[in-house]
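Asker: First the structure, then my questions, so here it is.
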Amino acid sequence: MIDTVLTWFSIYDYALVSVLLVTGFVFGKERLLVIASYGIMPGFVAHTLLFVIRWVRTGWFPANGELENAITGGWFAIAFTLYLFFRNRSLSGVALFTVPVTLLLLGFGVMKAPAPLPLAASLKSSWLVIHVLFAQISFGAYAIAAGFGVIYLLKEKRQKSGRDPGFYNRFPRLEMMDELMFKFVVYGFITDAVMIVAGSIWAKDLWGSYWAWDPVEVWSLLSWLLYGLSIHLRVTLGWRGARQAWMMIVLLSTVIITYWGVNFVIANSKHILGVVS
Amino acid sequence: MLPNIKPLLKTVRSLRFTAGILVALSICYLTGLLVPQRALFDGASQYRQWRDESFLHGAFDRLGITDIYTSPLVFILLALFFINLVVVASDRIPVILRKVYLSGDAPEIDADRVRGAAAALAVTSRLDAKDLYPQLLSFFRGKHWAIIPGKGEGGFVAIRNRYSPLGFFLFHGSFLLCLVGGILIAYTRFSGGIGVAEGEAVNGRLDTVAKVIRKPLLLRTLPEMSLRVNSIATRYEEGVASDLAVEIDTVISGVPRRGKIRINDPFREGSVTLVAHNVGLAPLVEVTAADGRVLDTLYAKLNVLKGRSDSFLLGSRNQYLVRVTYFPDYAVYNGVETTRSPEPRNPAFHLVISEGERMVYDGTVHLGEPAPMDDFRITFKELRQWAFFQVIREYGQVPLIIGFIMGSVGLVMRLIFCQKRIQVAVVAVEQGSTAYLLGQADYFGHSFADEMATIAAQLEDELWGNKPHKGALND
C-alpha cells in the first residue's frame, strides 16, 4: 500500500515538475524553472523512501523487473540532478532531461508489474548490484552528457545568431558546458567499463563463460567502443563544442538500444532486462 | 632489400586507422545483431530450418554472416586493432615518460614566456625573489602539490597527479592482457554437458563423462572426474524458480571434495568448473509383467519442468516411445489438465505411449498408479530430480582478470585524476618580487582556470599575511 502511495506521489510530482520545466524552457519563464527545481524535492523524498522500503522489504537491491529498475535508475538520475542544482544553479537545466525520463520510466514500470516479484535464482548474485548499479550510473551520465549537448547546441545557435542569449544565460558558458559534457562522458565511460567487466565475471559464474556474443553483450561493447572513439576524437583530433554535442546526442541512442531496443528485435538474448525469468 | 615500412607504420599509427577499425568492427557487430547468429539457435536442426526458409537466409549462411563474430574478417580486424594499439602505445612511451618527468632534462622555466602567456596569473610580494622562492615551494607542498625543480633557480613546476598519464599504459596494456587471457581460454577450453540424477554417480575423463560441446585445441589431455550427486533442492516462489542447490561429492584429478553448487555459485577445482544450469525430473519407472513380476526399473531423465514435454524409450527393442507431460500440482479446469503451482504437491503425468504408428496408451497417472502397456504395466514409483551441469576446463583466467582490473584502474587514473601542472616563475621587481603562475590541465583546462584563480588568491593571502603561513612573511 505504502509502495503504491509513494510511487504515485513521485509520479505526480515529477509530472508536475516536467510540465513546469517544459513550459519554463519553451516560454523562457525563469520563475517557473526555479519553482520546478524546488518542486523536485518532495517527489525525490517519496522516491527515496520507496527505494529504501522496496530494498528492505524484498531483501535485495531493487533491480528486478521494470518498476524496480525505474525506481533505482530514476533515483540516481534525480539525485544527480539535485546535486548539480545545489552545487551550481546554472546546471539545473539538466532536470529538463532527467525528470521527464524518470517519469516515463516509472510510469512504464507501474504499468508492467507494480508488485514486488520474487527474485529468480539467476539474479541472486552480488554481481547484480555492481552490474546494474554501474549500468544505471553510466546511462545516467551519458544521458546528462546528451542533455548538455542539446543545451549547448541551442545556446550556441542563439549566440551565433547575434541575439541576446537571455534565457540561456542561466546555463554555464559554452566552453564550460563543453567540458561538462566531456566530464560526464568520461564518467559514463568508466562506469560502463566496470559494468561490462562485472557482467562478464557474473556471466562466467552463471552461464559458464565470460563472453558469449549475446546480443546485449555485443551492443553494450559496441556503444562502449563508440564512446571510447568519441573520447579519442576529442583528445586527439580536438572534436569539441558542437561536434562533441552532436556525438553525445547520437551516441545516447546506442545505449538506449542496448537497454531497451535489443530485446524488442532479438528474442533469444540471455539478458532479461527487467523481465523475470 | 628490405621494403620501406615507414609509410605503412605511419598509416597504422594514425587515429584515422584506429577510427576506421572501430567503425568496421562496429559494422560487423551490428550485422551480427541484425542477422540471426548460428550460436543463438536452439540446436543445429532449428538453424538448418531457418537457413532453408529463404534464399536470403541461405546466402547469409554461405557468406558466413551467421557466424560473424568468429569470422576471418572480424579476426583480421581485431588483429589490426591490436597492432594499432601496440604501435600507438609504443609511440607514446617517450612522450608520456617526459610528461611524468621520468625522462628528459629538468623543465626549463622561461620567465618571459610564462609572464607573457595570456592565462598567466601574477602574485606580487614584498619579499625579494630569493626569499619568495622557498615560500612558494612551501605553499605548494603544503597543498600536496609535487615539485619538479626547473633548470637554474628561476622557477619550478608544481604538479598534481603526476603519474596520471601512466594510466594510458595500464588501460591500453589491459587490452593486451585480456587478449592473452582470451586466446588462452579459447585454445584450452573444454566444455561439455552432463545430466546426473540424485544418487547417481559418473566416473571417467571429462570428455567421456560429458557430452562434448567444445574440444580444446591445446592441452588436450583432460583430467579424470568422479561426480556423485547427493541431493538436489529447488525452491519456487510465486511460480518463479528462486533457488537451486545441488550437493555433490567429486574427485577431480585425484582430489576428493564435497561441495554445493547453486545457480551463480559454481564448483571449482583447479582448472575445472562445474556450473549448474538446469534441473529436470528423473522418475523411477518400474515395468511389471501381468503377474506382478518386476521386469525392469530405470530413472528416466526428463526435461519436463515448466510445462515442457519429453520422451523416453522402453521395451526390449526400445520399441515403445513414452511421451510425458508433467503436472507437479495436478488439477483439471474446464476439462483441461493443468498445474496449480510448480511445486510437487500432487504430481501426475500425462503419458502417450506408442509403438510406431500404433497408439498403446493415452492417459494420466499419479505417482504409484500403473499405466497399461500391452501385456505390461509401467508405474512411476518415485520422483527424483536430475541436474544438468556444464563441465568446463580452461586456463587463462588470471591474465583476463588482471587485465580487467588494470584497465579499470588505468581509466580512473588517466581520466579522473588528470594531471595538473603549474609553471611558477619568480621575477624580481622594484619593491620585491612577482610570482607568475601558468596552469595547464589535461582535458579540463577551463575548469582548471577557475581553480587557478582560487590558488592565486590563496597564495596572495598567504604572502600578504591575511592568512599567516609559518610565521609572518611580509613584515
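Just remember, in the C-alpha cells the first chain shown is A, the second B, etc., residues are 1-based per chain, and ligands are 1-based in the order shown.
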For chain B, report every residue with an atom at most 9 Å from chain A (counting only C-alpha atoms), formatted as a VMD selection string.
Answerer: chain B and resid 15 18 to 19 22 to 23 25 to 26 29 to 30 32 to 34 36 39 to 41 69 191 236 to 244 262 to 266 273 to 277 390 to 392 401 404 to 405 407 to 408 411 to 412 415 to 416 443 to 447
Asker: If you count only C-alpha atoms, which residues fall within 9 Å of stretch 101-103 of chain B, apart from same-chain ones fewer than 6 positions away, as a ChimeraX atom specification?
Answerer: /B:94,148,162-163
Asker: For those residues, write N, CA and C atoms to a file as a PDB file, in the first residue's frame.
Answerer:
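So the final result, stored in again-v6.pdb, reads:
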```pdb
ATOM      1  N   PRO B  94      57.841   7.487 -24.975  1.00  0.00           N
ATOM      2  CA  PRO B  94      58.725   8.610 -24.608  1.00  0.00           C
ATOM      3  C   PRO B  94      57.950   9.876 -24.228  1.00  0.00           C
ATOM      4  N   ILE B 148      58.687  19.861  -9.173  1.00  0.00           N
ATOM      5  CA  ILE B 148      59.747  19.467 -10.102  1.00  0.00           C
ATOM      6  C   ILE B 148      60.602  20.721 -10.308  1.00  0.00           C
ATOM      7  N   ARG B 162      50.841  13.505 -10.726  1.00  0.00           N
ATOM      8  CA  ARG B 162      51.992  13.441 -11.632  1.00  0.00           C
ATOM      9  C   ARG B 162      51.959  12.193 -12.523  1.00  0.00           C
ATOM     10  N   TYR B 163      51.622  11.054 -11.910  1.00  0.00           N
ATOM     11  CA  TYR B 163      51.741   9.800 -12.666  1.00  0.00           C
ATOM     12  C   TYR B 163      50.465   9.418 -13.424  1.00  0.00           C
TER      13      TYR B 163
END
```
Asker: What is the distance between atom CA of B:Gly182 and atom CA of B:Leu73, in Å to one decimal?
Answerer: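 Calculated distance between atom CA of B:Gly182 and atom CA of B:Leu73 is 17.9 Å.
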Asker: Mind checking DSSP for stretch 54-265 of chain B and telling me the alpha helix (DSSP H) residues as an MDAnalysis selection string?
Answerer: chainID B and resid 55:62 72:99 111:116 129:142 167:188 206:209
Asker: Nearest residue to A:Trp260 out of A:Asn69, A:Leu96, A:Trp75, A:Val129, using only C-alpha atoms?
Answerer: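 For A:Trp260, the nearest of the candidates is A:Asn69.
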Asker: Please identify all polymer residues within 9 Å of B:Leu127, counting only C-alpha atoms, omitting same-chain residues fewer than 3 positions from it, and present them as a PDB file with N, CA and C atoms, in the first residue's frame.
Answerer:
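What ended up in around-v3.pdb:
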```pdb
ATOM      1  N   THR B 124      52.031  39.280  -6.467  1.00  0.00           N
ATOM      2  CA  THR B 124      53.177  40.105  -6.071  1.00  0.00           C
ATOM      3  C   THR B 124      53.498  39.907  -4.601  1.00  0.00           C
ATOM      4  N   LYS B 130      64.725  35.863  -3.998  1.00  0.00           N
ATOM      5  CA  LYS B 130      65.436  34.768  -3.338  1.00  0.00           C
ATOM      6  C   LYS B 130      64.630  34.228  -2.146  1.00  0.00           C
ATOM      7  N   ASP B 131      63.947  35.130  -1.436  1.00  0.00           N
ATOM      8  CA  ASP B 131      63.155  34.692  -0.276  1.00  0.00           C
ATOM      9  C   ASP B 131      61.769  34.171  -0.676  1.00  0.00           C
ATOM     10  N   LEU B 132      61.269  34.712  -1.759  1.00  0.00           N
ATOM     11  CA  LEU B 132      59.928  34.295  -2.183  1.00  0.00           C
ATOM     12  C   LEU B 132      59.919  32.832  -2.662  1.00  0.00           C
ATOM     13  N   GLN B 431      60.074  46.779  -5.901  1.00  0.00           N
ATOM     14  CA  GLN B 431      59.861  46.702  -4.442  1.00  0.00           C
ATOM     15  C   GLN B 431      59.504  45.283  -4.018  1.00  0.00           C
ATOM     16  N   GLY B 432      60.259  44.332  -4.429  1.00  0.00           N
ATOM     17  CA  GLY B 432      60.007  42.939  -4.039  1.00  0.00           C
ATOM     18  C   GLY B 432      60.119  42.013  -5.232  1.00  0.00           C
ATOM     19  N   SER B 433      59.122  41.190  -5.394  1.00  0.00           N
ATOM     20  CA  SER B 433      59.182  40.226  -6.500  1.00  0.00           C
ATOM     21  C   SER B 433      57.759  39.828  -6.894  1.00  0.00           C
ATOM     22  N   THR B 434      57.650  39.200  -8.062  1.00  0.00           N
ATOM     23  CA  THR B 434      56.339  38.725  -8.540  1.00  0.00           C
ATOM     24  C   THR B 434      56.462  37.265  -8.949  1.00  0.00           C
ATOM     25  N   LEU B 463      50.940  35.331   1.218  1.00  0.00           N
ATOM     26  CA  LEU B 463      52.114  36.194   1.096  1.00  0.00           C
ATOM     27  C   LEU B 463      51.896  37.560   1.743  1.00  0.00           C
ATOM     28  N   LEU B 473      55.373  36.663   7.024  1.00  0.00           N
ATOM     29  CA  LEU B 473      56.229  36.665   5.836  1.00  0.00           C
ATOM     30  C   LEU B 473      56.612  38.078   5.417  1.00  0.00           C
ATOM     31  N   ASN B 474      55.667  38.946   5.591  1.00  0.00           N
ATOM     32  CA  ASN B 474      55.815  40.227   4.904  1.00  0.00           C
ATOM     33  C   ASN B 474      55.989  41.424   5.846  1.00  0.00           C
TER      34      ASN B 474
END
```
